[in-house]
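Data file: protein05.cif. Format and content: mmCIF, C-alpha atoms.
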```
data_protein
loop_
_atom_site.label_atom_id
_atom_site.label_comp_id
_atom_site.auth_asym_id
_atom_site.auth_seq_id
_atom_site.Cartn_x
_atom_site.Cartn_y
_atom_site.Cartn_z
CA MET B 1 56.38 -73.26 65.01
CA PRO B 2 55.02 -71.19 67.88
CA PRO B 3 51.37 -70.27 67.39
CA PHE B 4 50.64 -66.57 66.98
CA ASP B 5 47.15 -65.59 68.10
CA ASP B 6 44.60 -63.28 66.48
CA ARG B 7 45.55 -60.46 68.80
CA PHE B 8 49.15 -60.60 67.57
CA ALA B 9 47.96 -60.72 63.96
CA ALA B 10 45.81 -57.62 64.53
CA GLU B 11 48.65 -55.77 66.25
CA PHE B 12 51.02 -56.74 63.44
CA GLU B 13 48.61 -55.20 60.93
CA THR B 14 48.44 -52.05 63.06
CA LEU B 15 52.23 -51.93 63.01
CA LEU B 16 52.27 -52.15 59.20
CA ARG B 17 49.66 -49.40 58.98
CA TRP B 18 51.64 -47.04 61.23
CA ARG B 19 55.04 -47.68 59.66
CA ARG B 20 55.73 -44.44 57.88
CA ASP B 21 58.58 -42.78 56.04
CA VAL B 22 59.44 -40.09 58.57
CA ARG B 23 61.13 -36.81 57.70
CA HIS B 24 60.17 -34.71 60.73
CA PHE B 25 61.98 -35.76 63.88
CA ALA B 26 61.73 -34.72 67.52
CA THR B 27 65.07 -33.95 69.14
CA THR B 28 64.80 -36.85 71.64
CA PRO B 29 67.84 -39.11 71.20
CA ILE B 30 67.55 -42.86 70.61
CA ALA B 31 68.93 -44.98 73.46
CA GLU B 32 72.05 -46.93 72.47
CA ALA B 33 70.40 -50.16 73.66
CA ASP B 34 67.57 -49.55 71.19
CA MET B 35 70.04 -49.03 68.34
CA GLN B 36 71.75 -52.31 69.19
CA ASP B 37 68.38 -54.09 69.38
CA LEU B 38 67.36 -52.73 65.98
CA LEU B 39 70.57 -53.89 64.33
CA THR B 40 70.31 -57.30 65.99
CA LEU B 41 66.72 -57.78 64.85
CA ALA B 42 67.54 -56.58 61.33
CA SER B 43 70.14 -59.35 61.13
CA LEU B 44 67.34 -61.90 61.43
CA ALA B 45 66.25 -60.93 57.91
CA PRO B 46 66.53 -63.49 55.13
CA SER B 47 69.65 -63.34 53.00
CA VAL B 48 70.53 -65.20 49.84
CA GLY B 49 72.60 -68.29 50.69
CA HIS B 50 72.65 -66.97 54.29
CA SER B 51 75.24 -64.48 53.02
CA GLN B 52 74.31 -61.67 55.46
CA PRO B 53 75.73 -59.10 53.02
CA TRP B 54 74.48 -56.04 54.93
CA ARG B 55 77.02 -53.55 56.25
CA TRP B 56 75.77 -50.83 58.58
CA VAL B 57 77.66 -47.55 58.75
CA ARG B 58 76.66 -45.37 61.69
CA LEU B 59 77.31 -41.67 61.22
CA ARG B 60 78.84 -40.44 64.46
CA SER B 61 80.35 -37.19 63.26
CA SER B 62 78.08 -34.17 62.93
CA GLY B 63 80.41 -32.86 60.23
CA LEU B 64 79.68 -35.88 58.04
CA GLN B 65 75.98 -35.60 58.80
CA GLU B 66 76.01 -31.98 57.59
CA GLU B 67 78.01 -32.88 54.51
CA LEU B 68 75.55 -35.63 53.64
CA ALA B 69 72.56 -33.33 54.22
CA ALA B 70 74.14 -30.73 51.90
CA HIS B 71 74.71 -33.36 49.21
CA VAL B 72 71.06 -34.50 49.39
CA ASP B 73 69.83 -30.89 49.31
CA ALA B 74 71.87 -30.31 46.15
CA GLU B 75 70.59 -33.51 44.52
CA ASN B 76 67.06 -32.57 45.51
CA ALA B 77 67.40 -29.16 43.87
CA ARG B 78 68.44 -31.00 40.71
CA ALA B 79 65.51 -33.44 41.08
CA ALA B 80 63.06 -30.52 41.41
CA GLN B 81 64.04 -29.32 37.92
CA ARG B 82 62.35 -32.43 36.56
CA TYR B 83 59.00 -30.86 37.45
CA GLU B 84 59.84 -27.40 36.06
CA GLY B 85 56.87 -25.83 34.38
CA GLN B 86 54.61 -28.63 35.55
CA GLU B 87 51.66 -28.15 37.84
CA ARG B 88 53.32 -30.14 40.59
CA GLU B 89 56.57 -28.18 40.65
CA ALA B 90 55.50 -25.96 43.58
CA LEU B 91 54.16 -28.96 45.45
CA TYR B 92 57.42 -30.87 44.93
CA ARG B 93 59.45 -27.92 46.17
CA SER B 94 57.25 -27.65 49.27
CA LEU B 95 57.81 -31.27 50.33
CA LYS B 96 60.32 -32.03 53.05
CA LEU B 97 62.00 -35.17 51.72
CA HIS B 98 64.63 -35.89 54.35
CA GLY B 99 65.60 -35.15 57.92
CA ILE B 100 69.32 -35.96 57.72
CA ALA B 101 70.44 -32.78 59.44
CA GLU B 102 68.15 -33.21 62.45
CA ALA B 103 67.80 -36.98 62.83
CA PRO B 104 69.40 -38.22 66.05
CA GLU B 105 70.76 -41.25 64.19
CA VAL B 106 71.78 -41.69 60.56
CA LEU B 107 72.67 -45.09 59.15
CA ALA B 108 74.10 -45.77 55.70
CA VAL B 109 73.43 -49.31 54.56
CA PHE B 110 75.79 -50.97 52.11
CA CYS B 111 75.85 -54.34 50.39
CA ASP B 112 79.14 -56.21 50.21
CA GLU B 113 78.97 -57.37 46.59
CA GLU B 114 81.99 -59.64 47.00
CA THR B 115 81.23 -61.35 50.29
CA GLN B 116 82.28 -64.99 50.38
CA THR B 117 79.74 -65.71 53.12
CA GLY B 118 77.12 -68.01 51.64
CA HIS B 119 79.64 -69.38 49.10
CA GLY B 120 77.81 -67.85 46.15
CA LEU B 121 74.64 -69.87 46.64
CA GLY B 122 71.68 -68.31 44.83
CA VAL B 123 73.51 -65.41 43.22
CA GLY B 124 74.80 -67.01 40.01
CA THR B 125 72.06 -65.65 37.76
CA MET B 126 70.73 -62.94 40.11
CA PRO B 127 73.64 -61.14 41.83
CA GLU B 128 71.12 -58.45 42.79
CA MET B 129 69.86 -60.93 45.39
CA ARG B 130 72.59 -59.70 47.75
CA ARG B 131 71.24 -56.17 47.47
CA TYR B 132 67.70 -57.47 47.94
CA SER B 133 68.82 -59.21 51.14
CA CYS B 134 69.95 -55.83 52.48
CA VAL B 135 66.55 -54.36 51.67
CA ALA B 136 64.81 -57.16 53.57
CA ALA B 137 67.02 -56.28 56.56
CA ILE B 138 66.07 -52.61 56.24
CA GLN B 139 62.34 -53.37 56.19
CA THR B 140 62.83 -55.60 59.24
CA LEU B 141 64.67 -52.84 61.06
CA TRP B 142 61.97 -50.37 60.03
CA LEU B 143 59.21 -52.45 61.64
CA ALA B 144 61.30 -53.12 64.75
CA ALA B 145 61.85 -49.36 65.07
CA CYS B 146 58.18 -48.52 64.57
CA LEU B 147 57.05 -50.86 67.34
CA ARG B 148 59.38 -48.96 69.68
CA GLY B 149 57.84 -45.66 68.56
CA ILE B 150 60.95 -44.84 66.54
CA GLY B 151 60.46 -43.42 63.06
CA LEU B 152 62.63 -44.03 60.01
CA GLY B 153 63.06 -42.17 56.76
CA TRP B 154 64.74 -43.75 53.73
CA VAL B 155 66.62 -41.19 51.63
CA SER B 156 67.36 -42.00 47.98
CA ILE B 157 67.81 -38.55 46.45
CA LEU B 158 71.59 -38.84 46.38
CA ASP B 159 74.46 -40.08 44.27
CA PRO B 160 75.42 -43.49 45.68
CA GLN B 161 79.05 -43.16 44.51
CA VAL B 162 79.44 -39.77 46.18
CA VAL B 163 78.07 -41.12 49.45
CA ARG B 164 80.29 -44.21 49.24
CA ARG B 165 83.35 -42.01 48.86
CA MET B 166 82.15 -39.60 51.55
CA LEU B 167 81.94 -42.47 54.03
CA ASP B 168 85.19 -44.04 52.85
CA VAL B 169 83.99 -47.61 52.46
CA PRO B 170 85.36 -50.23 50.01
CA ARG B 171 84.58 -49.88 46.31
CA HIS B 172 82.80 -53.23 46.21
CA TRP B 173 80.23 -52.06 48.73
CA SER B 174 77.07 -50.72 47.02
CA LEU B 175 75.05 -48.10 48.80
CA ILE B 176 71.53 -49.37 49.36
CA ALA B 177 70.07 -46.69 51.61
CA VAL B 178 70.63 -43.73 53.84
CA LEU B 179 68.31 -44.10 56.82
CA CYS B 180 67.35 -41.36 59.27
CA LEU B 181 66.09 -42.53 62.65
CA GLY B 182 64.42 -40.64 65.45
CA TYR B 183 61.13 -40.13 67.23
CA PRO B 184 58.55 -38.79 64.76
CA ALA B 185 57.37 -35.23 65.35
CA GLN B 186 53.97 -36.00 63.81
CA PRO B 187 53.05 -39.70 63.89
CA SER B 188 50.39 -40.68 61.34
CA ASP B 189 48.92 -43.77 59.78
CA THR B 190 48.73 -42.04 56.39
CA PRO B 191 51.79 -41.55 54.16
CA GLU B 192 52.99 -37.97 54.10
CA LEU B 193 52.95 -38.02 50.27
CA GLU B 194 49.26 -38.96 50.45
CA ARG B 195 48.42 -36.28 53.04
CA ARG B 196 50.19 -33.69 50.92
CA GLY B 197 48.34 -34.72 47.77
CA TRP B 198 51.34 -36.08 45.88
CA GLN B 199 50.24 -39.69 45.46
CA GLY B 200 47.48 -41.77 47.02
CA ARG B 201 47.11 -45.49 47.50
CA GLU B 202 46.06 -47.37 44.38
CA PRO B 203 43.81 -50.45 44.13
CA LEU B 204 45.56 -53.72 44.83
CA THR B 205 43.45 -55.52 42.24
CA ASP B 206 45.26 -53.62 39.47
CA ARG B 207 48.48 -55.19 40.73
CA ILE B 208 47.49 -58.87 40.75
CA LEU B 209 47.51 -61.07 37.64
CA GLU B 210 46.89 -64.74 37.11
CA ARG B 211 48.74 -67.00 34.71
CA MET O 1 51.06 -43.75 67.29
CA PRO O 2 49.48 -46.71 69.07
CA PRO O 3 51.66 -48.07 71.86
CA PHE O 4 52.99 -51.60 71.35
CA ASP O 5 53.70 -53.40 74.60
CA ASP O 6 56.63 -55.59 75.61
CA ARG O 7 54.64 -58.72 74.91
CA PHE O 8 54.12 -57.64 71.32
CA ALA O 9 57.81 -56.78 70.98
CA ALA O 10 58.78 -60.23 72.28
CA GLU O 11 56.34 -61.97 69.94
CA PHE O 12 57.61 -59.89 67.02
CA GLU O 13 61.14 -61.09 67.76
CA THR O 14 59.87 -64.69 67.90
CA LEU O 15 58.27 -64.13 64.50
CA LEU O 16 61.57 -62.90 63.05
CA ARG O 17 63.39 -65.91 64.53
CA TRP O 18 60.93 -68.40 63.02
CA ARG O 19 60.70 -66.80 59.58
CA ARG O 20 62.54 -69.29 57.41
CA ASP O 21 63.17 -69.89 53.75
CA VAL O 22 61.02 -72.98 53.26
CA ARG O 23 61.62 -75.58 50.55
CA HIS O 24 59.72 -78.53 52.02
CA PHE O 25 55.96 -78.07 51.92
CA ALA O 26 53.03 -80.07 53.27
CA THR O 27 50.27 -80.67 50.75
CA THR O 28 47.70 -78.62 52.74
CA PRO O 29 46.36 -75.85 50.49
CA ILE O 30 46.37 -72.18 51.52
CA ALA O 31 42.90 -70.69 51.98
CA GLU O 32 42.06 -68.06 49.36
CA ALA O 33 41.17 -65.59 52.14
CA ASP O 34 44.72 -65.98 53.52
CA MET O 35 46.23 -65.30 50.09
CA GLN O 36 44.16 -62.13 49.80
CA ASP O 37 45.18 -61.06 53.31
CA LEU O 38 48.86 -61.61 52.54
CA LEU O 39 48.71 -59.52 49.36
CA THR O 40 46.77 -56.78 51.15
CA LEU O 41 49.27 -56.62 54.00
CA ALA O 42 52.22 -56.68 51.60
CA SER O 43 50.79 -53.57 49.96
CA LEU O 44 51.32 -51.70 53.23
CA ALA O 45 55.07 -51.86 52.57
CA PRO O 46 56.96 -48.64 51.91
CA SER O 47 57.52 -47.68 48.29
CA VAL O 48 59.59 -44.92 46.79
CA GLY O 49 57.41 -41.87 46.11
CA HIS O 50 54.44 -44.08 47.12
CA SER O 51 54.84 -45.67 43.68
CA GLN O 52 53.57 -49.14 44.69
CA PRO O 53 55.54 -50.69 41.80
CA TRP O 54 54.92 -54.31 42.83
CA ARG O 55 53.05 -56.60 40.45
CA TRP O 56 52.01 -60.02 41.72
CA VAL O 57 51.58 -62.84 39.25
CA ARG O 58 49.81 -65.86 40.70
CA LEU O 59 50.56 -69.15 38.97
CA ARG O 60 47.24 -70.92 38.54
CA SER O 61 48.17 -73.44 35.87
CA SER O 62 49.98 -76.60 36.93
CA GLY O 63 51.56 -76.73 33.49
CA LEU O 64 53.30 -73.41 34.08
CA GLN O 65 54.32 -74.48 37.58
CA GLU O 66 55.98 -77.60 36.11
CA GLU O 67 57.67 -75.58 33.37
CA LEU O 68 59.04 -73.16 35.96
CA ALA O 69 60.25 -76.00 38.19
CA ALA O 70 62.03 -77.59 35.21
CA HIS O 71 63.71 -74.27 34.37
CA VAL O 72 64.95 -73.85 37.95
CA ASP O 73 66.18 -77.47 38.05
CA ALA O 74 68.17 -76.82 34.86
CA GLU O 75 69.63 -73.58 36.21
CA ASN O 76 70.47 -75.33 39.46
CA ALA O 77 72.35 -78.08 37.61
CA ARG O 78 74.37 -75.29 35.97
CA ALA O 79 74.92 -73.61 39.34
CA ALA O 80 76.20 -76.87 40.84
CA GLN O 81 79.03 -76.90 38.30
CA ARG O 82 80.46 -73.89 40.09
CA TYR O 83 81.41 -76.18 42.97
CA GLU O 84 82.84 -78.94 40.77
CA GLY O 85 85.90 -80.50 42.31
CA GLN O 86 85.38 -78.54 45.51
CA GLU O 87 84.75 -80.12 48.87
CA ARG O 88 81.26 -78.66 49.02
CA GLU O 89 80.11 -79.99 45.65
CA ALA O 90 78.37 -83.05 47.13
CA LEU O 91 76.80 -80.93 49.86
CA TYR O 92 75.50 -78.43 47.28
CA ARG O 93 74.02 -81.20 45.18
CA SER O 94 72.29 -82.66 48.25
CA LEU O 95 70.51 -79.41 49.14
CA LYS O 96 66.88 -78.98 48.19
CA LEU O 97 66.77 -75.38 47.03
CA HIS O 98 63.19 -74.95 45.92
CA GLY O 99 59.73 -76.44 46.26
CA ILE O 100 58.12 -74.98 43.13
CA ALA O 101 56.66 -78.28 41.94
CA GLU O 102 54.94 -79.06 45.26
CA ALA O 103 54.13 -75.63 46.73
CA PRO O 104 50.37 -75.06 46.88
CA GLU O 105 50.90 -71.44 45.78
CA VAL O 106 53.57 -69.88 43.58
CA LEU O 107 53.86 -66.14 43.14
CA ALA O 108 56.14 -64.34 40.74
CA VAL O 109 56.86 -60.78 41.83
CA PHE O 110 57.68 -58.15 39.24
CA CYS O 111 58.61 -54.49 39.41
CA ASP O 112 57.00 -52.11 36.94
CA GLU O 113 60.07 -50.07 35.99
CA GLU O 114 57.99 -47.52 34.08
CA THR O 115 55.15 -46.90 36.49
CA GLN O 116 53.97 -43.30 36.57
CA THR O 117 52.56 -43.77 40.07
CA GLY O 118 54.63 -41.64 42.43
CA HIS O 119 55.51 -39.24 39.58
CA GLY O 120 59.18 -40.22 39.63
CA LEU O 121 59.80 -38.95 43.16
CA GLY O 122 62.97 -40.44 44.66
CA VAL O 123 64.09 -42.47 41.64
CA GLY O 124 66.09 -39.88 39.68
CA THR O 125 69.50 -41.04 40.86
CA MET O 126 68.46 -44.45 42.23
CA PRO O 127 65.98 -46.12 39.85
CA GLU O 128 66.68 -49.37 41.74
CA MET O 129 64.53 -47.91 44.52
CA ARG O 130 61.47 -49.24 42.70
CA ARG O 131 62.89 -52.75 42.84
CA TYR O 132 63.83 -52.25 46.47
CA SER O 133 60.21 -51.26 47.21
CA CYS O 134 59.11 -54.63 45.82
CA VAL O 135 61.58 -56.38 48.12
CA ALA O 136 60.18 -54.53 51.14
CA ALA O 137 56.73 -55.78 50.12
CA ILE O 138 58.04 -59.34 49.84
CA GLN O 139 59.60 -59.24 53.32
CA THR O 140 56.31 -57.85 54.67
CA LEU O 141 54.36 -60.65 53.01
CA TRP O 142 56.88 -63.18 54.35
CA LEU O 143 56.33 -62.10 57.95
CA ALA O 144 52.55 -61.94 57.50
CA ALA O 145 52.66 -65.49 56.13
CA CYS O 146 54.86 -66.79 58.95
CA LEU O 147 52.52 -65.49 61.65
CA ARG O 148 49.75 -67.53 59.99
CA GLY O 149 51.97 -70.61 60.04
CA ILE O 150 52.53 -70.33 56.27
CA GLY O 151 56.06 -70.84 54.98
CA LEU O 152 57.68 -69.07 52.05
CA GLY O 153 60.68 -69.89 49.92
CA TRP O 154 62.36 -67.31 47.68
CA VAL O 155 63.80 -68.85 44.53
CA SER O 156 66.57 -66.99 42.68
CA ILE O 157 68.29 -69.78 40.76
CA LEU O 158 66.65 -68.85 37.48
CA ASP O 159 67.03 -66.63 34.45
CA PRO O 160 64.79 -63.60 35.06
CA GLN O 161 64.28 -62.99 31.33
CA VAL O 162 63.20 -66.57 30.73
CA VAL O 163 60.69 -66.39 33.57
CA ARG O 164 59.38 -63.04 32.36
CA ARG O 165 58.73 -64.51 28.92
CA MET O 166 57.29 -67.73 30.37
CA LEU O 167 54.73 -65.68 32.30
CA ASP O 168 54.07 -63.34 29.38
CA VAL O 169 54.33 -60.04 31.24
CA PRO O 170 55.44 -56.67 29.78
CA ARG O 171 59.12 -56.15 28.91
CA HIS O 172 59.42 -53.25 31.34
CA TRP O 173 58.54 -55.47 34.30
CA SER O 174 61.65 -56.81 36.06
CA LEU O 175 61.42 -60.13 37.83
CA ILE O 176 62.26 -59.64 41.49
CA ALA O 177 61.38 -63.04 42.94
CA VAL O 178 59.66 -66.35 42.53
CA LEU O 179 57.99 -67.19 45.83
CA CYS O 180 56.72 -70.61 46.90
CA LEU O 181 54.09 -70.62 49.63
CA GLY O 182 52.67 -73.44 51.70
CA TYR O 183 52.63 -74.95 55.15
CA PRO O 184 56.18 -76.00 56.09
CA ALA O 185 56.78 -79.74 56.41
CA GLN O 186 59.50 -79.19 59.03
CA PRO O 187 59.20 -75.86 60.86
CA SER O 188 62.45 -74.69 62.47
CA ASP O 189 63.96 -71.58 63.99
CA THR O 190 67.33 -72.36 62.37
CA PRO O 191 68.03 -71.70 58.68
CA GLU O 192 68.16 -74.89 56.64
CA LEU O 193 71.55 -73.83 55.20
CA GLU O 194 72.85 -73.60 58.78
CA ARG O 195 71.40 -76.97 59.80
CA ARG O 196 72.92 -78.58 56.72
CA GLY O 197 76.34 -77.09 57.40
CA TRP O 198 76.45 -74.77 54.40
CA GLN O 199 76.69 -71.40 56.17
CA GLY O 200 76.18 -70.33 59.77
CA ARG O 201 75.29 -66.98 61.27
CA GLU O 202 78.18 -64.55 61.50
CA PRO O 203 78.88 -61.94 64.20
CA LEU O 204 76.94 -58.72 63.81
CA THR O 205 79.85 -56.67 65.13
CA ASP O 206 81.82 -57.42 61.93
CA ARG O 207 79.03 -55.75 60.02
CA ILE O 208 78.82 -52.43 61.88
CA LEU O 209 81.18 -49.51 61.23
CA GLU O 210 81.30 -45.98 62.55
CA ARG O 211 82.22 -42.88 60.63
#
```
Please, can you express the file's structure as structure tokens?
Amino acid sequence: MPPFDDRFAAEFETLLRWRRDVRHFATTPIAEADMQDLLTLASLAPSVGHSQPWRWVRLRSSGLQEELAAHVDAENARAAQRYEGQEREALYRSLKLHGIAEAPEVLAVFCDEETQTGHGLGVGTMPEMRRYSCVAAIQTLWLAACLRGIGLGWVSILDPQVVRRMLDVPRHWSLIAVLCLGYPAQPSDTPELERRGWQGREPLTDRILER
Amino acid sequence: MPPFDDRFAAEFETLLRWRRDVRHFATTPIAEADMQDLLTLASLAPSVGHSQPWRWVRLRSSGLQEELAAHVDAENARAAQRYEGQEREALYRSLKLHGIAEAPEVLAVFCDEETQTGHGLGVGTMPEMRRYSCVAAIQTLWLAACLRGIGLGWVSILDPQVVRRMLDVPRHWSLIAVLCLGYPAQPSDTPELERRGWQGREPLTDRILER
């Protein structure tokens, strides 16, 4: 195993600290070579039984991008009703939760639930492992993007079935994520939800148990 | 955003290429300071609505570790039956798929499905986002471990409900993963399932679509 030195370890921590969910994008496009690099690096993620179940759908039509943005806006209006009458309703409504319309690149990530790659190893009792493999690929892509100065926002305020049909992909593909990519308008090492007073970081010690 | 140079980008790629699912561990223990570092870095992962839903259960009793290993062995014997009569049956049976009994550290990762942290933001239509956040934390921990020379193996051949009860955690915690950690006995940049002829890497181009 190649040795990684302390400098690399420190830079890796810096990368983790600056990886943000980005919803405000500059208009600068992402170079095609960078997009290819990101997808190549993401494919180095672990996958159950080496099944590589990730499927990347690149939105290349501005019409589809607008349609998707409109769907998320509608779902977000519905989500806002959850806070109706609560103190945080106004705060929720003031948050910008996605940049689909403006992002120079939008990727929809699907999981092929019926892939034969990997020959079913490791999914007998936990079929969700295929979906988890896709998430590991997304987090890998996210870090690879961040180290190039490229921001990513993961959008989940949507109906996965609607998006699957909108993008015309097979029924046995589950939507895992809609990802917006672009250069961040306001880079920060603090989560936007923390800066806006929605939710801060909680103590790690509350999250560790021993048995 | 701090600039990351080409050297860092190259080393990051090397890290991704050497991150393996490890099932063969040396007996060397992991320093407690390293375990704390890994859990701290994992907490820098993205989480939906900043909900930080991950719960880390450290196995500290060798009795529990043995019980868990026995459970996975039993589930694996069941899984092997799936290949009965097939050409790959003998190959499947010859694979070592977990190192729970020998790993110096075993972590069970759960998702708190009812956490109020994050105030429900982003999970209205996709409650699985909480589980996906835990997976992003696991992949982060995996990379942080690898850069310290520590290997990790993700075990999924188990019954999540049985493991939840074995570890006596709340009913609303979903088991995401059992992770074995330790120094790898045989570091490699090629997946063990590829080296053993189970499943190789497939072309990325088959996994990218445009819409």
Next on the checklist: Counting only C-alpha atoms, a student should be able to say which residues of chain B come within 6 Å of chain O; what is the right answer, written as a list in words?
Outcome noted: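 On the chain B side, the interface is Met1, Phe4, Arg55, Trp56, Val57, Arg58, Leu59, Arg60, Gly118, Gly122, Ala136, Gln139, Leu147, Ser156, Ile157, Pro187, Gln199, Arg207, Ile208, Leu209, Glu210 and Arg211 of chain B.
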Item to check | Counting all atoms listed in the file, the residue of B:Leu179, B:Val162, B:Ala145, B:Ile100 that sits nearest B:His24 | outcome: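 For B:His24, the nearest of the given residues is B:Ile100.
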Item to check | atom CA of B:Glu89 to atom CA of B:Glu67, distance in Å rounded to a single decimal | outcome: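 If I compute the distance from atom CA of B:Glu89 to atom CA of B:Glu67, I get 26.0 Å.
Using only C-alpha atoms, the smallest distance between any of B:Thr27, B:Gln86, B:Gln116, B:Gln81 and B:Ala101 comes from B:Thr27.
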Checklist entry - Can you tell me how far atom CA of O:Glu114 sits from atom CA of O:Arg164, in Å to one decimal? => result 15.7 Å
Checklist entry - What gap, in Å, lies between atom CA of B:Arg23 and atom CA of B:His98? => result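 According to the coordinates, atom CA of B:Arg23 and atom CA of B:His98 are separated by 4.9 Å.
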Using the partial input, fill out stretch 137-143 of chain B with all heavy atoms; write the result as a PDB file, in the frame of the given file.
```
ATOM      1  N   ALA B 137      66.535 -56.651  55.219  1.00  0.00           N
ATOM      2  CA  ALA B 137      67.020 -56.280  56.560  1.00  0.00           C
ATOM      3  C   ALA B 137      66.539 -54.880  56.927  1.00  0.00           C
ATOM      4  O   ALA B 137      66.177 -54.625  58.082  1.00  0.00           O
ATOM      5  CB  ALA B 137      68.543 -56.376  56.603  1.00  0.00           C
ATOM      6  N   ILE B 138      66.529 -53.986  55.960  1.00  0.00           N
ATOM      7  CA  ILE B 138      66.070 -52.610  56.240  1.00  0.00           C
ATOM      8  C   ILE B 138      64.592 -52.609  56.612  1.00  0.00           C
ATOM      9  O   ILE B 138      64.183 -51.944  57.574  1.00  0.00           O
ATOM     10  CB  ILE B 138      66.331 -51.693  55.016  1.00  0.00           C
ATOM     11  CG1 ILE B 138      67.844 -51.491  54.827  1.00  0.00           C
ATOM     12  CG2 ILE B 138      65.616 -50.346  55.178  1.00  0.00           C
ATOM     13  CD1 ILE B 138      68.234 -50.847  53.492  1.00  0.00           C
ATOM     14  N   GLN B 139      63.777 -53.348  55.869  1.00  0.00           N
ATOM     15  CA  GLN B 139      62.340 -53.370  56.190  1.00  0.00           C
ATOM     16  C   GLN B 139      62.118 -54.008  57.572  1.00  0.00           C
ATOM     17  O   GLN B 139      61.245 -53.571  58.324  1.00  0.00           O
ATOM     18  CB  GLN B 139      61.563 -54.118  55.087  1.00  0.00           C
ATOM     19  CG  GLN B 139      60.089 -54.408  55.390  1.00  0.00           C
ATOM     20  CD  GLN B 139      59.219 -53.153  55.462  1.00  0.00           C
ATOM     21  OE1 GLN B 139      59.710 -52.030  55.466  1.00  0.00           O
ATOM     22  NE2 GLN B 139      57.919 -53.346  55.556  1.00  0.00           N
ATOM     23  N   THR B 140      62.923 -54.982  57.921  1.00  0.00           N
ATOM     24  CA  THR B 140      62.830 -55.600  59.240  1.00  0.00           C
ATOM     25  C   THR B 140      63.169 -54.585  60.332  1.00  0.00           C
ATOM     26  O   THR B 140      62.452 -54.451  61.331  1.00  0.00           O
ATOM     27  CB  THR B 140      63.784 -56.814  59.307  1.00  0.00           C
ATOM     28  OG1 THR B 140      63.495 -57.682  58.198  1.00  0.00           O
ATOM     29  CG2 THR B 140      63.626 -57.574  60.607  1.00  0.00           C
ATOM     30  N   LEU B 141      64.269 -53.866  60.106  1.00  0.00           N
ATOM     31  CA  LEU B 141      64.670 -52.840  61.060  1.00  0.00           C
ATOM     32  C   LEU B 141      63.594 -51.759  61.186  1.00  0.00           C
ATOM     33  O   LEU B 141      63.300 -51.261  62.280  1.00  0.00           O
ATOM     34  CB  LEU B 141      66.004 -52.229  60.611  1.00  0.00           C
ATOM     35  CG  LEU B 141      66.663 -51.218  61.546  1.00  0.00           C
ATOM     36  CD1 LEU B 141      68.189 -51.392  61.524  1.00  0.00           C
ATOM     37  CD2 LEU B 141      66.335 -49.782  61.176  1.00  0.00           C
ATOM     38  N   TRP B 142      62.994 -51.425  60.077  1.00  0.00           N
ATOM     39  CA  TRP B 142      61.970 -50.370  60.030  1.00  0.00           C
ATOM     40  C   TRP B 142      60.799 -50.741  60.946  1.00  0.00           C
ATOM     41  O   TRP B 142      60.315 -49.935  61.753  1.00  0.00           O
ATOM     42  CB  TRP B 142      61.500 -50.202  58.589  1.00  0.00           C
ATOM     43  CG  TRP B 142      60.937 -48.883  58.190  1.00  0.00           C
ATOM     44  CD1 TRP B 142      60.274 -47.981  58.983  1.00  0.00           C
ATOM     45  CD2 TRP B 142      60.982 -48.305  56.875  1.00  0.00           C
ATOM     46  NE1 TRP B 142      59.894 -46.894  58.228  1.00  0.00           N
ATOM     47  CE2 TRP B 142      60.317 -47.063  56.939  1.00  0.00           C
ATOM     48  CE3 TRP B 142      61.496 -48.734  55.654  1.00  0.00           C
ATOM     49  CZ2 TRP B 142      60.167 -46.236  55.819  1.00  0.00           C
ATOM     50  CZ3 TRP B 142      61.351 -47.900  54.542  1.00  0.00           C
ATOM     51  CH2 TRP B 142      60.696 -46.676  54.625  1.00  0.00           C
ATOM     52  N   LEU B 143      60.334 -51.994  60.811  1.00  0.00           N
ATOM     53  CA  LEU B 143      59.210 -52.450  61.640  1.00  0.00           C
ATOM     54  C   LEU B 143      59.610 -52.537  63.112  1.00  0.00           C
ATOM     55  O   LEU B 143      58.843 -52.144  64.001  1.00  0.00           O
ATOM     56  CB  LEU B 143      58.696 -53.802  61.140  1.00  0.00           C
ATOM     57  CG  LEU B 143      58.079 -53.799  59.734  1.00  0.00           C
ATOM     58  CD1 LEU B 143      57.761 -55.218  59.286  1.00  0.00           C
ATOM     59  CD2 LEU B 143      56.823 -52.925  59.688  1.00  0.00           C
TER      60      LEU B 143
END
```
